[in-house]
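Engineer: Before I ask anything, here is the structure I am working with.
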Amino acid sequence: MKERQDILKRDDDSDSSKSCTNSSFTVRTVRYGECQKNHAANVGGYAVDGCREFMPCGEEGSSGALTCAACGCHRNFHRREVQTDVVSDYSSPSSNGCRYSN
């Protein structure tokens with residue numbers, strides 16, 4: 001299963017008194033889990049097909065990318081799992097020779 005990563009925001013700590021840069025950004029990874037489509041809804045029951053993971057039929061950007069190759073359902077029927085990580089690109093002033101001016 002292919003996971004999708006998006007960089008949401010980049011924050012730069014831009015204080016004019018600092019000669020070092022501290023920047024961070026948020027990385028969001030989206031994964032689609034088991035199918036939750038109720039195939040027996042039209043007869044008043046509840047039955048899922050057992051598809052455990054979304055696998056796209058086509059490449060990213062094509063119409064097949066939204067259809068599951070395993071069960072044939074649209075991606076919206078699969079449980080969405082979002083993992084958010086904050087990544088900081090900071091080097092300490094002592095390690096790279098940067099100094100703070102007063």
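Ordering of the structure tokens sets the chain letters (A, B, ...), residue numbers begin anew at 1 in every chain, and ligands are numbered from 1 in the order given.
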I'd like the contact shell of region 40-56 of chain A - 7 Å cut-off, only C-alpha atoms, skipping same-chain residues fewer than 3 positions apart - returned as a list in words.

Structural biologist: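 Contacts, with the query itself left out: Met1, Tyr32, Gly33, Glu34, Cys35, Gln36, Lys37, Gly64, Ala65, Leu66, Thr67, Cys68, Ala69, Ala70, Cys71, Arg75 and His78 of chain A.
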
Engineer: From a DSSP calculation on the backbone, collect every residue of region 11-75 of chain A in strand (DSSP E or B) and output the set as number ranges by chain.

Structural biologist: A: 11-12, 18, 22-35, 56, 67-68, 74

Engineer: Can those selected residues be exported to a file as a PDB file, in the first residue's frame so that it contains N, CA, C and O atoms?

Structural biologist:
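This went into result_25.pdb:
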```pdb
ATOM      1  N   ASP A  11       7.445  26.784   9.102  1.00  0.00           N
ATOM      2  CA  ASP A  11       7.588  27.957   9.959  1.00  0.00           C
ATOM      3  C   ASP A  11       9.064  28.299  10.070  1.00  0.00           C
ATOM      4  O   ASP A  11       9.876  27.436  10.398  1.00  0.00           O
ATOM      5  N   ASP A  12       9.416  29.547   9.795  1.00  0.00           N
ATOM      6  CA  ASP A  12      10.781  30.017   9.988  1.00  0.00           C
ATOM      7  C   ASP A  12      10.803  30.956  11.167  1.00  0.00           C
ATOM      8  O   ASP A  12      10.003  31.871  11.260  1.00  0.00           O
ATOM      9  N   LYS A  18      19.059  37.079  15.582  1.00  0.00           N
ATOM     10  CA  LYS A  18      19.660  35.745  15.551  1.00  0.00           C
ATOM     11  C   LYS A  18      20.395  35.546  14.233  1.00  0.00           C
ATOM     12  O   LYS A  18      19.923  35.950  13.184  1.00  0.00           O
ATOM     13  N   ASN A  22      16.191  28.477  12.697  1.00  0.00           N
ATOM     14  CA  ASN A  22      15.428  27.371  13.262  1.00  0.00           C
ATOM     15  C   ASN A  22      14.131  27.285  12.469  1.00  0.00           C
ATOM     16  O   ASN A  22      13.293  28.153  12.564  1.00  0.00           O
ATOM     17  N   SER A  23      13.988  26.272  11.644  1.00  0.00           N
ATOM     18  CA  SER A  23      12.762  26.123  10.866  1.00  0.00           C
ATOM     19  C   SER A  23      12.172  24.746  11.127  1.00  0.00           C
ATOM     20  O   SER A  23      12.871  23.799  11.427  1.00  0.00           O
ATOM     21  N   SER A  24      10.858  24.668  11.030  1.00  0.00           N
ATOM     22  CA  SER A  24      10.176  23.408  11.220  1.00  0.00           C
ATOM     23  C   SER A  24       9.022  23.325  10.239  1.00  0.00           C
ATOM     24  O   SER A  24       8.533  24.333   9.752  1.00  0.00           O
ATOM     25  N   PHE A  25       8.600  22.104   9.932  1.00  0.00           N
ATOM     26  CA  PHE A  25       7.455  21.907   9.069  1.00  0.00           C
ATOM     27  C   PHE A  25       6.712  20.665   9.516  1.00  0.00           C
ATOM     28  O   PHE A  25       7.248  19.826  10.219  1.00  0.00           O
ATOM     29  N   THR A  26       5.456  20.604   9.135  1.00  0.00           N
ATOM     30  CA  THR A  26       4.582  19.510   9.522  1.00  0.00           C
ATOM     31  C   THR A  26       4.417  18.564   8.344  1.00  0.00           C
ATOM     32  O   THR A  26       4.102  18.994   7.241  1.00  0.00           O
ATOM     33  N   VAL A  27       4.647  17.280   8.577  1.00  0.00           N
ATOM     34  CA  VAL A  27       4.474  16.256   7.549  1.00  0.00           C
ATOM     35  C   VAL A  27       3.268  15.412   7.936  1.00  0.00           C
ATOM     36  O   VAL A  27       3.198  14.878   9.041  1.00  0.00           O
ATOM     37  N   ARG A  28       2.315  15.328   7.029  1.00  0.00           N
ATOM     38  CA  ARG A  28       1.106  14.545   7.272  1.00  0.00           C
ATOM     39  C   ARG A  28       1.126  13.330   6.349  1.00  0.00           C
ATOM     40  O   ARG A  28       1.232  13.463   5.140  1.00  0.00           O
ATOM     41  N   THR A  29       1.031  12.143   6.929  1.00  0.00           N
ATOM     42  CA  THR A  29       0.985  10.898   6.169  1.00  0.00           C
ATOM     43  C   THR A  29      -0.436  10.356   6.239  1.00  0.00           C
ATOM     44  O   THR A  29      -0.977  10.162   7.319  1.00  0.00           O
ATOM     45  N   VAL A  30      -1.044  10.120   5.065  1.00  0.00           N
ATOM     46  CA  VAL A  30      -2.418   9.621   4.997  1.00  0.00           C
ATOM     47  C   VAL A  30      -2.389   8.188   4.493  1.00  0.00           C
ATOM     48  O   VAL A  30      -1.750   7.886   3.492  1.00  0.00           O
ATOM     49  N   ARG A  31      -3.094   7.307   5.202  1.00  0.00           N
ATOM     50  CA  ARG A  31      -3.183   5.892   4.832  1.00  0.00           C
ATOM     51  C   ARG A  31      -4.645   5.500   4.924  1.00  0.00           C
ATOM     52  O   ARG A  31      -5.369   5.967   5.808  1.00  0.00           O
ATOM     53  N   TYR A  32      -5.092   4.643   4.038  1.00  0.00           N
ATOM     54  CA  TYR A  32      -6.486   4.180   4.044  1.00  0.00           C
ATOM     55  C   TYR A  32      -6.514   2.718   4.435  1.00  0.00           C
ATOM     56  O   TYR A  32      -5.888   1.880   3.805  1.00  0.00           O
ATOM     57  N   GLY A  33      -7.258   2.407   5.503  1.00  0.00           N
ATOM     58  CA  GLY A  33      -7.326   1.055   6.055  1.00  0.00           C
ATOM     59  C   GLY A  33      -8.476   0.249   5.493  1.00  0.00           C
ATOM     60  O   GLY A  33      -8.802   0.319   4.310  1.00  0.00           O
ATOM     61  N   GLU A  34      -9.132  -0.508   6.365  1.00  0.00           N
ATOM     62  CA  GLU A  34     -10.158  -1.467   5.933  1.00  0.00           C
ATOM     63  C   GLU A  34     -11.404  -0.778   5.375  1.00  0.00           C
ATOM     64  O   GLU A  34     -11.735   0.342   5.726  1.00  0.00           O
ATOM     65  N   CYS A  35     -12.081  -1.493   4.487  1.00  0.00           N
ATOM     66  CA  CYS A  35     -13.301  -0.995   3.852  1.00  0.00           C
ATOM     67  C   CYS A  35     -14.454  -1.086   4.843  1.00  0.00           C
ATOM     68  O   CYS A  35     -14.631  -2.090   5.524  1.00  0.00           O
ATOM     69  N   PRO A  56      -4.939   1.298  -4.644  1.00  0.00           N
ATOM     70  CA  PRO A  56      -5.476   1.999  -5.813  1.00  0.00           C
ATOM     71  C   PRO A  56      -5.338   1.180  -7.088  1.00  0.00           C
ATOM     72  O   PRO A  56      -4.376   0.443  -7.268  1.00  0.00           O
ATOM     73  N   THR A  67     -10.308   4.183  -6.834  1.00  0.00           N
ATOM     74  CA  THR A  67     -11.024   2.909  -6.765  1.00  0.00           C
ATOM     75  C   THR A  67     -10.096   1.839  -6.212  1.00  0.00           C
ATOM     76  O   THR A  67      -8.952   1.716  -6.632  1.00  0.00           O
ATOM     77  N   CYS A  68     -10.589   1.042  -5.269  1.00  0.00           N
ATOM     78  CA  CYS A  68      -9.790  -0.011  -4.647  1.00  0.00           C
ATOM     79  C   CYS A  68      -9.686  -1.214  -5.585  1.00  0.00           C
ATOM     80  O   CYS A  68     -10.697  -1.703  -6.100  1.00  0.00           O
ATOM     81  N   HIS A  74     -15.043   2.856  -3.706  1.00  0.00           N
ATOM     82  CA  HIS A  74     -14.368   4.152  -3.738  1.00  0.00           C
ATOM     83  C   HIS A  74     -13.525   4.310  -2.480  1.00  0.00           C
ATOM     84  O   HIS A  74     -13.812   3.704  -1.436  1.00  0.00           O
TER      85      HIS A  74
END
```
